[in-house]
Amino acid sequence: MSDSTDYPVAPFEGIGAALCTIFDSRGKLDAPGTASLAVQLVDAGVDALVVAGTTGEAITLTRKERVKALRAVLDAVEGRVPVIAGSGAPSIHQAAIYTADAVDTGANGVLALSPPGVEDPRAYYDAIAKDTAGVPLLAYHYPKQSAPGIQADLLTDLPISGCKDSSGDAQWFLEAVTEWEGPMYTGSPALLSWAGPIGASGAILGLANVEPELCSRAFYGDAEAQRELAGPIQMTRSIHALKDLVAARFGVSSVARLG
């Protein structure tokens with residue numbers, strides 16, 4: 001581990017919800033519904049929200065829809081928790097636009113998925129960082145969604161304030177938290193009770209749309225809560241299944257664009 005003490009401060013600590021984007025029966029963006037879910041999750045105890053992330057079906061959202069959803073959530077939660085915007089894209093040009101839009105709208109941070117087919121994403125993150133205007137930038141390692149992802153030993157070279165890892169690869173995560181002093185967030189609900197004790201700052205989870213309380217308990221070391229999450233994890237392996245459970249608990253639409 002580096003001897004340097006000049007490392008990023010965590011944008012948040014605890015459980016962040018990778019917020020579902022709510023659509024109406026015609027598949028159109030329901031910004032008030034998305035904001036309603038956000039408020040209910042904050043009331044349930046989540047420590048941060050990510051708008052237009054992977055779970056938010058960002059790949060289906062237009063540029064205007066991203067801004068509209070983000071603005072609705074920011075207005076609704078009124079600063080009670082940090083609101084982070086997904087801004088990653090296959091190209092630097094797209095990611096820069098989404099990042100600038102998020103910052104202009106008032107996001108408290110941006111989360112950028114690494115680009116597909118790029119072994120060394122340093123140029124990508126360097127370019128995005130220029131559009132953050134000092135707002136925290138989180139890298140996002142998710143090789144299943146955008147291969148090859150980020151090599152753990154490159155984190156020290158990126159202009160980032162944290163990193164989310166949704167690979168589910170415990171060895172990669174362990175290497176990251178031991179080699180880099182910045183904030184790490186797991187995106188794997190199965191690793192919560194392990195990630196917290198070894199030094200993760202928090203988690204950013206799709207499952208937190210349904211089980212925010214259990215996720216929080218597991219992250220802070222409750223092994224029984226981690227065991228109780230086994231069922232919900234199995235039940236939410238598709239966006240449709242996740243949204244059905246979110247609709248049942250929080251009274252929002254279960255319509256998904258993906259799948």
# chains A, B, ... in the order shown; residues from 1 in each chain; ligands from 1
>>> residues_around(residues="region 200-204 of chain A", least_positions_apart="6", cutoff="10 Å", atoms="only C-alpha atoms", output="PyMOL selection string")
chain A and resi 9-19+46-50+53+162-166+173-174+176-177+182-189+191-192+194+215-216+219-220
>>> write_last_selection(atoms="C-alpha atoms", output="PDB file, in the first residue's frame")
ATOM      1  CA  VAL A   9     -12.405  11.411   0.816  1.00  0.00           C
ATOM      2  CA  ALA A  10     -15.358   9.050   0.349  1.00  0.00           C
ATOM      3  CA  PRO A  11     -18.326  10.743  -1.389  1.00  0.00           C
ATOM      4  CA  PHE A  12     -20.481   8.743   1.039  1.00  0.00           C
ATOM      5  CA  GLU A  13     -20.229   5.853   3.455  1.00  0.00           C
ATOM      6  CA  GLY A  14     -22.737   3.035   3.820  1.00  0.00           C
ATOM      7  CA  ILE A  15     -25.383   1.775   1.421  1.00  0.00           C
ATOM      8  CA  GLY A  16     -26.122   3.494  -1.853  1.00  0.00           C
ATOM      9  CA  ALA A  17     -29.110   2.425  -3.931  1.00  0.00           C
ATOM     10  CA  ALA A  18     -28.539   1.974  -7.653  1.00  0.00           C
ATOM     11  CA  LEU A  19     -31.935   3.533  -8.259  1.00  0.00           C
ATOM     12  CA  VAL A  46     -30.091   4.480   2.237  1.00  0.00           C
ATOM     13  CA  ASP A  47     -27.050   6.730   2.427  1.00  0.00           C
ATOM     14  CA  ALA A  48     -26.822   7.707  -1.258  1.00  0.00           C
ATOM     15  CA  LEU A  49     -28.612   7.304  -4.580  1.00  0.00           C
ATOM     16  CA  VAL A  50     -27.252   6.612  -8.055  1.00  0.00           C
ATOM     17  CA  GLY A  53     -26.758   3.634 -13.477  1.00  0.00           C
ATOM     18  CA  GLY A 162     -13.693   6.288  -5.547  1.00  0.00           C
ATOM     19  CA  CYS A 163     -14.459   3.089  -7.405  1.00  0.00           C
ATOM     20  CA  LYS A 164     -17.438   0.763  -7.625  1.00  0.00           C
ATOM     21  CA  ASP A 165     -16.757  -2.901  -8.313  1.00  0.00           C
ATOM     22  CA  SER A 166     -19.621  -5.056  -9.565  1.00  0.00           C
ATOM     23  CA  PHE A 173     -11.674  -6.263  -4.676  1.00  0.00           C
ATOM     24  CA  LEU A 174      -9.083  -7.349  -2.110  1.00  0.00           C
ATOM     25  CA  ALA A 176      -7.978  -2.873  -4.900  1.00  0.00           C
ATOM     26  CA  VAL A 177      -8.479  -2.100  -1.198  1.00  0.00           C
ATOM     27  CA  GLY A 182      -9.250   5.592  -2.097  1.00  0.00           C
ATOM     28  CA  PRO A 183     -12.867   4.737  -1.309  1.00  0.00           C
ATOM     29  CA  MET A 184     -14.092   1.390  -2.634  1.00  0.00           C
ATOM     30  CA  TYR A 185     -17.733   0.383  -3.088  1.00  0.00           C
ATOM     31  CA  THR A 186     -18.924  -3.130  -3.755  1.00  0.00           C
ATOM     32  CA  GLY A 187     -21.763  -3.703  -6.180  1.00  0.00           C
ATOM     33  CA  SER A 188     -22.170  -7.326  -5.092  1.00  0.00           C
ATOM     34  CA  PRO A 189     -24.777  -7.942  -2.375  1.00  0.00           C
ATOM     35  CA  LEU A 191     -20.026  -9.767  -0.537  1.00  0.00           C
ATOM     36  CA  LEU A 192     -21.439  -7.151   1.814  1.00  0.00           C
ATOM     37  CA  TRP A 194     -17.000  -9.316   3.839  1.00  0.00           C
ATOM     38  CA  CYS A 215     -28.147  -4.583   2.974  1.00  0.00           C
ATOM     39  CA  SER A 216     -27.090  -2.037   5.584  1.00  0.00           C
ATOM     40  CA  PHE A 219     -22.469  -4.317   5.349  1.00  0.00           C
ATOM     41  CA  TYR A 220     -21.894  -3.431   8.977  1.00  0.00           C
TER      42      TYR A 220
END
>>> residues_around(residues="Val103 (chain A)", least_positions_apart="4", cutoff="10 Å", atoms="only C-alpha atoms", output="list of chain:residue names")
A:Ile84, A:Ala85, A:Ser87, A:Tyr98, A:Thr99, A:Ala107, A:Asn108, A:Gly109, A:Val110, A:Asp131, A:Thr132, A:Ala133, A:Gly134, A:Val135, A:Pro136
>>> select_by_dssp(residues="region 83-242 of chain A", states="strand (DSSP E or B)", output="list in words")
Val83, Ile84, Ala85, Gly86, Gly109, Val110, Leu111, Ala112, Leu113, Leu137, Leu138, Ala139, Tyr140, His141, Gly162, Cys163, Lys164, Asp165, Met184, Tyr185, Thr186, Gly202, Ala203, Ile204 and Leu205 of chain A
>>> write_last_selection(atoms="N, CA and C atoms", output="mmCIF file, in the first residue's frame")
data_model
loop_
_atom_site.group_PDB
_atom_site.id
_atom_site.type_symbol
_atom_site.label_atom_id
_atom_site.label_comp_id
_atom_site.auth_asym_id
_atom_site.auth_seq_id
_atom_site.Cartn_x
_atom_site.Cartn_y
_atom_site.Cartn_z
ATOM 1 N N VAL A 83 -26.627 12.506 -4.241
ATOM 2 C CA VAL A 83 -27.225 11.937 -5.450
ATOM 3 C C VAL A 83 -26.141 11.921 -6.529
ATOM 4 N N ILE A 84 -25.798 10.712 -6.961
ATOM 5 C CA ILE A 84 -24.728 10.497 -7.924
ATOM 6 C C ILE A 84 -25.340 10.093 -9.259
ATOM 7 N N ALA A 85 -24.820 10.620 -10.339
ATOM 8 C CA ALA A 85 -25.370 10.338 -11.670
ATOM 9 C C ALA A 85 -24.464 9.399 -12.447
ATOM 10 N N GLY A 86 -25.044 8.386 -13.048
ATOM 11 C CA GLY A 86 -24.294 7.561 -13.985
ATOM 12 C C GLY A 86 -23.948 8.372 -15.213
ATOM 13 N N GLY A 109 -22.092 13.816 -7.467
ATOM 14 C CA GLY A 109 -21.013 12.965 -7.923
ATOM 15 C C GLY A 109 -21.420 12.312 -9.224
ATOM 16 N N VAL A 110 -20.445 11.726 -9.926
ATOM 17 C CA VAL A 110 -20.734 10.981 -11.150
ATOM 18 C C VAL A 110 -20.051 9.622 -11.077
ATOM 19 N N LEU A 111 -20.695 8.634 -11.662
ATOM 20 C CA LEU A 111 -20.200 7.256 -11.693
ATOM 21 C C LEU A 111 -20.068 6.852 -13.147
ATOM 22 N N ALA A 112 -18.832 6.553 -13.577
ATOM 23 C CA ALA A 112 -18.583 6.305 -14.991
ATOM 24 C C ALA A 112 -18.079 4.889 -15.216
ATOM 25 N N LEU A 113 -18.900 4.068 -15.859
ATOM 26 C CA LEU A 113 -18.506 2.722 -16.249
ATOM 27 C C LEU A 113 -17.354 2.802 -17.233
ATOM 28 N N LEU A 137 -15.692 11.998 -8.908
ATOM 29 C CA LEU A 137 -15.818 11.061 -10.020
ATOM 30 C C LEU A 137 -15.500 9.659 -9.513
ATOM 31 N N LEU A 138 -16.432 8.744 -9.684
ATOM 32 C CA LEU A 138 -16.230 7.353 -9.317
ATOM 33 C C LEU A 138 -16.027 6.525 -10.576
ATOM 34 N N ALA A 139 -14.976 5.720 -10.580
ATOM 35 C CA ALA A 139 -14.801 4.740 -11.644
ATOM 36 C C ALA A 139 -15.720 3.556 -11.373
ATOM 37 N N TYR A 140 -15.976 2.760 -12.414
ATOM 38 C CA TYR A 140 -16.917 1.651 -12.288
ATOM 39 C C TYR A 140 -16.347 0.444 -13.030
ATOM 40 N N HIS A 141 -16.010 -0.572 -12.253
ATOM 41 C CA HIS A 141 -15.444 -1.813 -12.791
ATOM 42 C C HIS A 141 -16.552 -2.868 -12.856
ATOM 43 N N GLY A 162 -13.212 7.569 -6.037
ATOM 44 C CA GLY A 162 -13.693 6.288 -5.547
ATOM 45 C C GLY A 162 -13.908 5.341 -6.706
ATOM 46 N N CYS A 163 -14.243 4.092 -6.366
ATOM 47 C CA CYS A 163 -14.459 3.089 -7.405
ATOM 48 C C CYS A 163 -15.531 2.110 -6.950
ATOM 49 N N LYS A 164 -16.453 1.814 -7.842
ATOM 50 C CA LYS A 164 -17.438 0.763 -7.625
ATOM 51 C C LYS A 164 -17.000 -0.483 -8.385
ATOM 52 N N ASP A 165 -17.102 -1.621 -7.696
ATOM 53 C CA ASP A 165 -16.757 -2.901 -8.313
ATOM 54 C C ASP A 165 -17.962 -3.822 -8.289
ATOM 55 N N MET A 184 -13.615 2.490 -1.805
ATOM 56 C CA MET A 184 -14.092 1.390 -2.634
ATOM 57 C C MET A 184 -15.525 1.051 -2.250
ATOM 58 N N TYR A 185 -16.329 0.754 -3.280
ATOM 59 C CA TYR A 185 -17.733 0.383 -3.088
ATOM 60 C C TYR A 185 -17.992 -0.933 -3.802
ATOM 61 N N THR A 186 -18.561 -1.889 -3.095
ATOM 62 C CA THR A 186 -18.924 -3.130 -3.755
ATOM 63 C C THR A 186 -20.308 -3.003 -4.386
ATOM 64 N N GLY A 202 -18.359 1.508 1.311
ATOM 65 C CA GLY A 202 -19.794 1.285 1.201
ATOM 66 C C GLY A 202 -20.116 0.344 0.066
ATOM 67 N N ALA A 203 -21.363 0.414 -0.354
ATOM 68 C CA ALA A 203 -21.858 -0.427 -1.439
ATOM 69 C C ALA A 203 -22.842 0.390 -2.264
ATOM 70 N N ILE A 204 -22.923 0.056 -3.540
ATOM 71 C CA ILE A 204 -23.922 0.644 -4.441
ATOM 72 C C ILE A 204 -24.634 -0.529 -5.085
ATOM 73 N N LEU A 205 -25.911 -0.717 -4.742
ATOM 74 C CA LEU A 205 -26.594 -1.967 -5.027
ATOM 75 C C LEU A 205 -27.960 -1.788 -5.658
#
>>> residues_around(residues="Lys68 (chain A)", least_positions_apart="3", cutoff="12 Å", atoms="only C-alpha atoms", output="VMD selection string")
chain A and resid 21 29 to 35 51 to 52 61 to 65 71 to 75 85 101 to 102 105 to 106
>>> residues_around(residues="Gly45 (chain A)", least_positions_apart="4", cutoff="8 Å", atoms="only C-alpha atoms", output="PyMOL selection string")
chain A and resi 41+212-213
>>> residues_around(residues="Asp120 (chain A)", least_positions_apart="2", cutoff="9 Å", atoms="only C-alpha atoms", output="list of chain:residue names")
A:Val118, A:Arg122, A:Ala123, A:Tyr124, A:Gly149, A:Ile150, A:Gln151, A:Leu154
>>> residues_around(residues="region 227-239 of chain A", least_positions_apart="4", cutoff="8 Å", atoms="only C-alpha atoms", output="compact mmCIF listing (two decimals) with C-alpha atoms, in the first residue's frame")
# COMPACT_ATOMS: atom_id res chain seq x y z
CA THR A 55 -29.83 -0.87 -12.65
CA PRO A 189 -24.78 -7.94 -2.38
CA ALA A 190 -23.27 -11.38 -1.76
CA LEU A 207 -30.87 -4.87 -4.34
CA GLU A 211 -33.91 -4.59 0.85
CA LEU A 214 -30.89 -5.87 5.26
CA CYS A 215 -28.15 -4.58 2.97
CA ALA A 223 -23.80 -12.27 9.26
CA LYS A 243 -38.79 -4.17 -10.53
CA ALA A 256 -38.88 -2.19 -17.64
CA LEU A 258 -34.73 -3.91 -20.96
CA GLY A 259 -35.44 -7.57 -21.70
>>> closest_residue(among="A:Glu57, A:Glu175, A:Asp126, A:Glu119", to="Ala147 (chain A)", atoms="only C-alpha atoms")
A:Glu119
>>> residues_around(residues="Ala76 (chain A)", least_positions_apart="5", cutoff="8 Å", atoms="only C-alpha atoms", output="PyMOL selection string")
chain A and resi 35-36+38-39
>>> atom_distance(atom1="CA of Glu181 (chain A)", atom2="CA of Ile128 (chain A)")
21.2 Å
>>> select_by_dssp(residues="region 75-163 of chain A", states="helix (DSSP H, G or I)", output="mmCIF file with N, CA and C atoms, in the first residue's frame")
data_model
loop_
_atom_site.group_PDB
_atom_site.id
_atom_site.type_symbol
_atom_site.label_atom_id
_atom_site.label_comp_id
_atom_site.auth_asym_id
_atom_site.auth_seq_id
_atom_site.Cartn_x
_atom_site.Cartn_y
_atom_site.Cartn_z
ATOM 1 N N ASP A 75 -34.462 17.299 -6.660
ATOM 2 C CA ASP A 75 -35.488 18.163 -6.073
ATOM 3 C C ASP A 75 -36.243 17.448 -4.957
ATOM 4 N N ALA A 76 -36.483 16.152 -5.141
ATOM 5 C CA ALA A 76 -37.297 15.416 -4.177
ATOM 6 C C ALA A 76 -36.554 15.109 -2.880
ATOM 7 N N VAL A 77 -35.286 14.749 -2.969
ATOM 8 C CA VAL A 77 -34.566 14.355 -1.747
ATOM 9 C C VAL A 77 -34.003 15.554 -0.991
ATOM 10 N N ILE A 92 -15.475 8.399 -25.162
ATOM 11 C CA ILE A 92 -15.113 9.558 -24.350
ATOM 12 C C ILE A 92 -16.063 10.714 -24.623
ATOM 13 N N HIS A 93 -16.408 10.914 -25.898
ATOM 14 C CA HIS A 93 -17.290 12.028 -26.276
ATOM 15 C C HIS A 93 -18.640 11.929 -25.563
ATOM 16 N N GLN A 94 -19.260 10.748 -25.600
ATOM 17 C CA GLN A 94 -20.547 10.568 -24.935
ATOM 18 C C GLN A 94 -20.424 10.751 -23.427
ATOM 19 N N ALA A 95 -19.402 10.136 -22.845
ATOM 20 C CA ALA A 95 -19.230 10.214 -21.399
ATOM 21 C C ALA A 95 -19.007 11.653 -20.939
ATOM 22 N N ALA A 96 -18.278 12.420 -21.726
ATOM 23 C CA ALA A 96 -18.036 13.817 -21.380
ATOM 24 C C ALA A 96 -19.339 14.613 -21.389
ATOM 25 N N ILE A 97 -20.201 14.340 -22.372
ATOM 26 C CA ILE A 97 -21.496 15.033 -22.442
ATOM 27 C C ILE A 97 -22.357 14.677 -21.245
ATOM 28 N N TYR A 98 -22.468 13.386 -20.942
ATOM 29 C CA TYR A 98 -23.296 12.960 -19.814
ATOM 30 C C TYR A 98 -22.754 13.510 -18.490
ATOM 31 N N THR A 99 -21.433 13.558 -18.378
ATOM 32 C CA THR A 99 -20.827 14.081 -17.156
ATOM 33 C C THR A 99 -21.116 15.561 -16.991
ATOM 34 N N ALA A 100 -20.925 16.327 -18.054
ATOM 35 C CA ALA A 100 -21.187 17.768 -17.991
ATOM 36 C C ALA A 100 -22.657 18.046 -17.684
ATOM 37 N N ASP A 101 -23.557 17.276 -18.290
ATOM 38 C CA ASP A 101 -24.990 17.432 -18.013
ATOM 39 C C ASP A 101 -25.290 17.173 -16.535
ATOM 40 N N ALA A 102 -24.692 16.111 -15.985
ATOM 41 C CA ALA A 102 -24.946 15.750 -14.586
ATOM 42 C C ALA A 102 -24.451 16.842 -13.646
ATOM 43 N N VAL A 103 -23.254 17.342 -13.914
ATOM 44 C CA VAL A 103 -22.690 18.395 -13.073
ATOM 45 C C VAL A 103 -23.527 19.661 -13.171
ATOM 46 N N ASP A 104 -23.926 20.035 -14.373
ATOM 47 C CA ASP A 104 -24.747 21.234 -14.574
ATOM 48 C C ASP A 104 -26.102 21.115 -13.874
ATOM 49 N N THR A 105 -26.623 19.894 -13.787
ATOM 50 C CA THR A 105 -27.929 19.679 -13.155
ATOM 51 C C THR A 105 -27.831 19.678 -11.639
ATOM 52 N N ARG A 122 -7.109 4.973 -18.757
ATOM 53 C CA ARG A 122 -6.630 6.223 -18.154
ATOM 54 C C ARG A 122 -7.016 7.448 -18.968
ATOM 55 N N ALA A 123 -6.904 7.386 -20.289
ATOM 56 C CA ALA A 123 -7.261 8.539 -21.128
ATOM 57 C C ALA A 123 -8.751 8.858 -21.013
ATOM 58 N N TYR A 124 -9.556 7.828 -20.911
ATOM 59 C CA TYR A 124 -11.018 7.985 -20.771
ATOM 60 C C TYR A 124 -11.342 8.746 -19.489
ATOM 61 N N TYR A 125 -10.793 8.305 -18.373
ATOM 62 C CA TYR A 125 -11.102 8.968 -17.101
ATOM 63 C C TYR A 125 -10.450 10.348 -16.996
ATOM 64 N N ASP A 126 -9.281 10.512 -17.587
ATOM 65 C CA ASP A 126 -8.668 11.840 -17.603
ATOM 66 C C ASP A 126 -9.568 12.836 -18.329
ATOM 67 N N ALA A 127 -10.155 12.398 -19.437
ATOM 68 C CA ALA A 127 -11.032 13.294 -20.212
ATOM 69 C C ALA A 127 -12.311 13.609 -19.448
ATOM 70 N N ILE A 128 -12.915 12.593 -18.833
ATOM 71 C CA ILE A 128 -14.145 12.821 -18.076
ATOM 72 C C ILE A 128 -13.901 13.772 -16.917
ATOM 73 N N ALA A 129 -12.771 13.599 -16.241
ATOM 74 C CA ALA A 129 -12.471 14.413 -15.059
ATOM 75 C C ALA A 129 -12.470 15.909 -15.380
ATOM 76 N N ALA A 152 -6.927 -3.516 -11.308
ATOM 77 C CA ALA A 152 -6.869 -2.922 -9.972
ATOM 78 C C ALA A 152 -5.634 -2.056 -9.776
ATOM 79 N N ASP A 153 -4.518 -2.444 -10.379
ATOM 80 C CA ASP A 153 -3.292 -1.674 -10.175
ATOM 81 C C ASP A 153 -3.278 -0.353 -10.936
ATOM 82 N N LEU A 154 -4.309 -0.090 -11.753
ATOM 83 C CA LEU A 154 -4.400 1.189 -12.455
ATOM 84 C C LEU A 154 -5.156 2.249 -11.653
ATOM 85 N N LEU A 155 -5.839 1.849 -10.595
ATOM 86 C CA LEU A 155 -6.658 2.801 -9.840
ATOM 87 C C LEU A 155 -5.842 3.982 -9.329
ATOM 88 N N THR A 156 -4.603 3.728 -8.929
ATOM 89 C CA THR A 156 -3.765 4.813 -8.411
ATOM 90 C C THR A 156 -3.452 5.865 -9.468
ATOM 91 N N ASP A 157 -3.618 5.514 -10.751
ATOM 92 C CA ASP A 157 -3.301 6.438 -11.841
ATOM 93 C C ASP A 157 -4.517 7.190 -12.364
#
>>> atom_distance(atom1="CA of Pro115 (chain A)", atom2="CA of Pro90 (chain A)")
4.9 Å
